Amino acid sequence: MPFLGQDWRSPGQSWVKTADGWKRFLDEKSGSFVSDLSSYCNKEVYNKENLFNSLNYDVAAKKRKKDMLNSKTKTQYFHQEKWIYVHKGSTKERHGYCTLGEAFNRLDFSTAILDSRRFNYVVRLLELIAKSQLTSLSGIAQKNFMNILEKVVLKVLEDQQNIRLIRELLQTLYTSLCTLVQRVGKSVLVGNINMWVYRMETILHWQQQLNNIQITRPAFKGLTFTDLPLCLQLNIMQRLSDGRDLVSLGQAALNLHALSEDRLLWKKLCQYHFSERQIRKRLILSDKGQLDWKKMYFKLVRCYPRKEQYGDTLQLCRHCHILSWKGTDHPCTANNPESCSVSLSPQDFINLFKF
């Protein structure tokens with residue numbers, strides 16, 4: 001180590017062998033060290049600020065996404081894939097369970113209601129969920145449920161079709177919510193109770209709109225249903241699967257009333273929905289000693305469920321356990337995927353998620 005009085009000259013430096021030289025040397029060295037330390041600290045602060053700003057950006061982005069889902073009730077959460085893998089347990093490849101709410105979010109019900117083949121299927125599914133499965137949905141799924149229901153109501157108000165079907169759906173949902181709201185404090189509904197009260201008021205408003213709807217007569221002056229031959233009118237009426245539609249059709253015009261009371265028409269309707277054994281248990285004779293098929297139909301409806309038939313349904317692939325709409329491509333490894341698919345009724349769809 002150099003000592004006092006020694007020459008500490010280095011390239012570019014000239015020091016005198018004095019105490020002042022030593023002091024100057026130390027001052028310059030310490031100044032350089034302080035300068036380097038200050039530069040390092042400034043760089044460290046800069047890096048921390050960048051990291052902090054990056055974290056703030058990520059948090060802000062997540063918050064905006066969360067606010068979009070929470071504050072805007074009309075926003076629906078969409079997924080890119082229109083199918084979902086249904087699994088009821090954990091394996092080495094997959095962990096956890098698939099819930100009804102997750103399936104309800106992933107499958108494209110908003111688009112399905114625009115398809116006349118799927119409309120009745122979705123409405124029936126909404127009715128089953130409203131009856132007993134509403135509390136099993138997550139918060140986002142419940143929000144999606146209300147959004148889809150609103151789209152259904154708006155479609156019916158615009159098209160003026162399936163009015164009675166939606167009235168029954170809204171009444172079922174309102175009755176269920178009245179029961180659930182009374183159980184406040186038991187965590188049966190997700191969200192603030194005031195939000196659900198507001199939704200109940202919205203349902204009442206929808207019901208009022210459906211009750212006030214006025215069926216407008218088409219503007220064209222072409223061929224109408226009553227202008228068709230009686231055989232064609234009867235053939236069309238035989239394709240109606242709901243007896244209430246036959247009664248309503250008979251009330252539309254006097255000449256249609258006689259056709260709507262046709263015994264063969266009601267007999268075919270009973271045989272379509274119910275088995276021979278069920279029919280034999282509910283035989284009703286008219287005053288003329290003949291089977292009153294019309295009264296038997298409404299008696300059977302109160303005792304047994306009617307046969308459900310839909311133009312398009314959800315399907316489950318038995319090979320890969322993927323649930324999707326018909327015609328939706330999914331990653332199936334079977335040689336013939338179509339042979340592995342089985343159609344599901346709305347009740348079958350609900351039963352998939354009962355553990």
# chains A, B, ... in the order shown; residues from 1 in each chain; ligands from 1
>>> residues_around(residues="Gln133 in chain A", least_positions_apart="5", cutoff="9 Å", atoms="only C-alpha atoms", output="MDAnalysis selection string")
chainID A and resid 100 128 350
>>> write_last_selection(atoms="N, CA and C atoms", output="short mmCIF file (atom, residue, chain, number, x, y, z; two decimals), in the first residue's frame")
data_model
loop_
_atom_site.label_atom_id
_atom_site.label_comp_id
_atom_site.auth_asym_id
_atom_site.auth_seq_id
_atom_site.Cartn_x
_atom_site.Cartn_y
_atom_site.Cartn_z
N LEU A 100 -72.20 -27.12 -14.76
CA LEU A 100 -73.29 -26.66 -15.62
C LEU A 100 -73.06 -25.22 -16.05
N LEU A 128 -85.83 -25.43 -17.59
CA LEU A 128 -85.34 -26.42 -16.63
C LEU A 128 -84.34 -25.79 -15.66
N ILE A 350 -79.00 -31.44 -18.51
CA ILE A 350 -78.95 -31.11 -17.08
C ILE A 350 -78.37 -32.27 -16.28
#
>>> residues_around(residues="Ile279 in chain A", least_positions_apart="3", cutoff="8 Å", atoms="only C-alpha atoms", output="list in words")
Cys270, Gln271, Phe274, Ser275, Glu276, Arg282, Leu283, Met296 and Leu300 of chain A
>>> write_last_selection(atoms="N, CA and C atoms", output="CSV table (one decimal), in the first residue's frame")
chain,number,residue,atom,x,y,z
A,270,CYS,N,-102.7,-37.9,-29.1
A,270,CYS,CA,-102.5,-38.7,-27.9
A,270,CYS,C,-101.5,-39.9,-28.2
A,271,GLN,N,-101.6,-40.5,-29.3
A,271,GLN,CA,-100.7,-41.6,-29.6
A,271,GLN,C,-99.3,-41.2,-29.9
A,274,PHE,N,-98.0,-40.2,-26.0
A,274,PHE,CA,-98.1,-41.2,-24.9
A,274,PHE,C,-98.2,-42.6,-25.4
A,275,SER,N,-97.8,-43.5,-24.5
A,275,SER,CA,-97.8,-44.9,-24.8
A,275,SER,C,-99.2,-45.5,-24.7
A,276,GLU,N,-99.4,-46.7,-25.3
A,276,GLU,CA,-100.7,-47.3,-25.2
A,276,GLU,C,-101.1,-47.6,-23.7
A,282,ARG,N,-106.1,-43.8,-18.7
A,282,ARG,CA,-106.8,-42.5,-18.7
A,282,ARG,C,-108.0,-42.5,-19.7
A,283,LEU,N,-108.7,-43.5,-19.9
A,283,LEU,CA,-109.8,-43.5,-20.8
A,283,LEU,C,-111.0,-42.7,-20.3
A,296,MET,N,-109.1,-36.7,-23.1
A,296,MET,CA,-108.1,-37.6,-22.7
A,296,MET,C,-106.7,-37.0,-22.8
A,300,LEU,N,-104.0,-36.6,-19.9
A,300,LEU,CA,-102.7,-37.3,-20.0
A,300,LEU,C,-101.6,-36.3,-19.8
>>> select_by_dssp(residues="range 167-235 of chain A", states="alpha helix (DSSP H)", output="count of residues only")
40
>>> closest_residue(among="A:Leu256, A:Ile203, A:Val247, A:Asp329", to="Pro229 in chain A", atoms="only C-alpha atoms")
A:Leu256
>>> residues_around(residues="Leu234 in chain A", least_positions_apart="4", cutoff="8 Å", atoms="only C-alpha atoms", output="MDAnalysis selection string")
chainID A and resid 230 238 259
>>> atom_distance(atom1="CA of Ile129 in chain A", atom2="CA of Leu173 in chain A")
8.7 Å
>>> closest_residue(among="A:Phe145, A:Phe298, A:Tyr121, A:Trp83", to="Leu107 in chain A", atoms="only C-alpha atoms")
A:Trp83
>>> select_by_dssp(residues="range 147-346 of chain A", states="strand (DSSP E)", output="PyMOL selection string")
chain A and resi 314-317+322-325+341-344
>>> closest_residue(among="A:Ile140, A:Cys178, A:Met200, A:Leu149", to="Glu127 in chain A", atoms="only C-alpha atoms")
A:Leu149
>>> closest_residue(among="A:Leu285, A:Cys340, A:Asp115, A:Ser241", to="Trp266 in chain A", atoms="only C-alpha atoms")
A:Ser241
>>> closest_atom_pairs(of="range 204-262 of chain A", to="range 160-169 of chain A", cutoff="9 Å", atoms="only C-alpha atoms", output="CSV")
residue,atom,partner,partner_atom,distance
A:Trp206,CA,A:Arg167,CA,8.8
A:Gln207,CA,A:Arg167,CA,6.5
A:Leu210,CA,A:Ile163,CA,6.8
A:Asn211,CA,A:Arg167,CA,8.5
A:Ile213,CA,A:Gln160,CA,7.8
A:Gln214,CA,A:Gln160,CA,8.3
A:Ile215,CA,A:Gln160,CA,6.6
A:Thr216,CA,A:Gln160,CA,8.6
>>> write_last_selection(atoms="all heavy atoms", output="JSON list (two decimals), in the first residue's frame")
[["chain", "number", "residue", "atom", "x", "y", "z"],
["A", 206, "TRP", "N", -91.34, -7.55, -18.83],
["A", 206, "TRP", "CA", -91.41, -8.40, -20.03],
["A", 206, "TRP", "C", -92.76, -9.08, -20.13],
["A", 206, "TRP", "O", -93.33, -9.17, -21.23],
["A", 206, "TRP", "CB", -90.29, -9.43, -20.00],
["A", 206, "TRP", "CG", -88.92, -8.86, -20.21],
["A", 206, "TRP", "CD1", -88.61, -7.66, -20.79],
["A", 206, "TRP", "CD2", -87.68, -9.46, -19.84],
["A", 206, "TRP", "NE1", -87.25, -7.48, -20.81],
["A", 206, "TRP", "CE2", -86.65, -8.56, -20.24],
["A", 206, "TRP", "CE3", -87.32, -10.65, -19.23],
["A", 206, "TRP", "CZ2", -85.31, -8.84, -20.04],
["A", 206, "TRP", "CZ3", -85.98, -10.93, -19.02],
["A", 206, "TRP", "CH2", -84.98, -10.03, -19.42],
["A", 207, "GLN", "N", -93.27, -9.58, -19.01],
["A", 207, "GLN", "CA", -94.57, -10.22, -19.03],
["A", 207, "GLN", "C", -95.66, -9.25, -19.47],
["A", 207, "GLN", "O", -96.56, -9.63, -20.24],
["A", 207, "GLN", "CB", -94.89, -10.79, -17.64],
["A", 207, "GLN", "CG", -94.07, -12.00, -17.26],
["A", 207, "GLN", "CD", -94.38, -12.50, -15.86],
["A", 207, "GLN", "OE1", -94.64, -11.72, -14.95],
["A", 207, "GLN", "NE2", -94.36, -13.82, -15.68],
["A", 210, "LEU", "N", -95.49, -8.82, -23.22],
["A", 210, "LEU", "CA", -96.04, -9.96, -23.94],
["A", 210, "LEU", "C", -97.57, -9.98, -23.85],
["A", 210, "LEU", "O", -98.24, -10.39, -24.81],
["A", 210, "LEU", "CB", -95.46, -11.26, -23.38],
["A", 210, "LEU", "CG", -93.97, -11.49, -23.62],
["A", 210, "LEU", "CD1", -93.50, -12.76, -22.92],
["A", 210, "LEU", "CD2", -93.67, -11.58, -25.11],
["A", 211, "ASN", "N", -98.11, -9.55, -22.72],
["A", 211, "ASN", "CA", -99.56, -9.52, -22.57],
["A", 211, "ASN", "C", -100.20, -8.44, -23.45],
["A", 211, "ASN", "O", -101.34, -8.60, -23.89],
["A", 211, "ASN", "CB", -99.95, -9.29, -21.11],
["A", 211, "ASN", "CG", -99.59, -10.46, -20.22],
["A", 211, "ASN", "OD1", -99.52, -11.61, -20.68],
["A", 211, "ASN", "ND2", -99.35, -10.19, -18.95],
["A", 213, "ILE", "N", -99.04, -7.46, -26.37],
["A", 213, "ILE", "CA", -98.66, -7.58, -27.77],
["A", 213, "ILE", "C", -99.91, -7.75, -28.64],
["A", 213, "ILE", "O", -100.86, -8.43, -28.27],
["A", 213, "ILE", "CB", -97.69, -8.78, -27.96],
["A", 213, "ILE", "CG1", -97.05, -8.73, -29.34],
["A", 213, "ILE", "CG2", -98.41, -10.10, -27.77],
["A", 213, "ILE", "CD1", -95.94, -9.74, -29.53],
["A", 214, "GLN", "N", -99.92, -7.08, -29.77],
["A", 214, "GLN", "CA", -101.02, -7.14, -30.72],
["A", 214, "GLN", "C", -100.52, -7.80, -32.01],
["A", 214, "GLN", "O", -99.59, -7.29, -32.65],
["A", 214, "GLN", "CB", -101.55, -5.74, -31.01],
["A", 214, "GLN", "CG", -102.13, -5.01, -29.79],
["A", 214, "GLN", "CD", -103.42, -5.65, -29.31],
["A", 214, "GLN", "OE1", -104.17, -6.25, -30.08],
["A", 214, "GLN", "NE2", -103.69, -5.50, -28.01],
["A", 215, "ILE", "N", -101.12, -8.92, -32.35],
["A", 215, "ILE", "CA", -100.72, -9.63, -33.56],
["A", 215, "ILE", "C", -101.19, -8.84, -34.77],
["A", 215, "ILE", "O", -102.39, -8.59, -34.94],
["A", 215, "ILE", "CB", -101.30, -11.06, -33.59],
["A", 215, "ILE", "CG1", -100.92, -11.81, -32.32],
["A", 215, "ILE", "CG2", -100.82, -11.79, -34.83],
["A", 215, "ILE", "CD1", -99.45, -12.00, -32.13],
["A", 216, "THR", "N", -100.26, -8.43, -35.58],
["A", 216, "THR", "CA", -100.59, -7.64, -36.77],
["A", 216, "THR", "C", -100.86, -8.56, -37.96],
["A", 216, "THR", "O", -100.15, -9.55, -38.17],
["A", 216, "THR", "CB", -99.42, -6.69, -37.11],
["A", 216, "THR", "OG1", -98.22, -7.45, -37.29],
["A", 216, "THR", "CG2", -99.21, -5.68, -36.00]]
>>> closest_residue(among="A:Met237, A:Leu246, A:Leu126, A:Leu137", to="Glu102 in chain A", atoms="only C-alpha atoms")
A:Leu137
>>> residues_around(residues="Tyr85 in chain A", least_positions_apart="4", cutoff="10 Å", atoms="only C-alpha atoms", output="list in words")
Tyr97, Cys98, Ala103, Leu316, Cys317, Cys320, His321, Ile322, Leu323, Ser324 and His330 of chain A
>>> write_last_selection(atoms="N, CA, C and O atoms", output="compact mmCIF listing (two decimals), in the first residue's frame")
# COMPACT_ATOMS: atom_id res chain seq x y z
N TYR A 97 -63.57 -30.55 -12.33
CA TYR A 97 -64.86 -30.97 -12.82
C TYR A 97 -65.40 -29.94 -13.81
O TYR A 97 -65.06 -28.77 -13.76
N CYS A 98 -66.26 -30.40 -14.70
CA CYS A 98 -66.97 -29.52 -15.61
C CYS A 98 -68.34 -29.24 -15.01
O CYS A 98 -69.08 -30.16 -14.69
N ALA A 103 -70.42 -25.06 -18.85
CA ALA A 103 -70.98 -25.49 -20.13
C ALA A 103 -71.93 -24.44 -20.69
O ALA A 103 -71.96 -24.20 -21.90
N LEU A 316 -73.50 -35.37 -27.60
CA LEU A 316 -72.33 -35.77 -26.82
C LEU A 316 -71.60 -36.87 -27.56
O LEU A 316 -72.20 -37.88 -27.96
N CYS A 317 -70.30 -36.66 -27.77
CA CYS A 317 -69.47 -37.68 -28.40
C CYS A 317 -69.05 -38.69 -27.34
O CYS A 317 -68.36 -38.35 -26.37
N CYS A 320 -64.89 -39.13 -27.20
CA CYS A 320 -64.01 -38.13 -26.58
C CYS A 320 -64.71 -37.31 -25.50
O CYS A 320 -64.10 -36.42 -24.93
N HIS A 321 -66.01 -37.58 -25.24
CA HIS A 321 -66.77 -36.90 -24.18
C HIS A 321 -66.81 -35.39 -24.38
O HIS A 321 -66.68 -34.62 -23.43
N ILE A 322 -66.99 -34.98 -25.62
CA ILE A 322 -67.10 -33.56 -25.96
C ILE A 322 -68.56 -33.24 -26.27
O ILE A 322 -69.22 -33.96 -27.02
N LEU A 323 -69.03 -32.15 -25.69
CA LEU A 323 -70.41 -31.70 -25.87
C LEU A 323 -70.43 -30.51 -26.81
O LEU A 323 -69.68 -29.55 -26.63
N SER A 324 -71.31 -30.56 -27.82
CA SER A 324 -71.37 -29.49 -28.82
C SER A 324 -72.70 -29.57 -29.54
O SER A 324 -73.46 -30.53 -29.40
N HIS A 330 -65.23 -30.67 -33.72
CA HIS A 330 -64.48 -30.77 -32.47
C HIS A 330 -63.35 -31.76 -32.66
O HIS A 330 -63.41 -32.62 -33.55
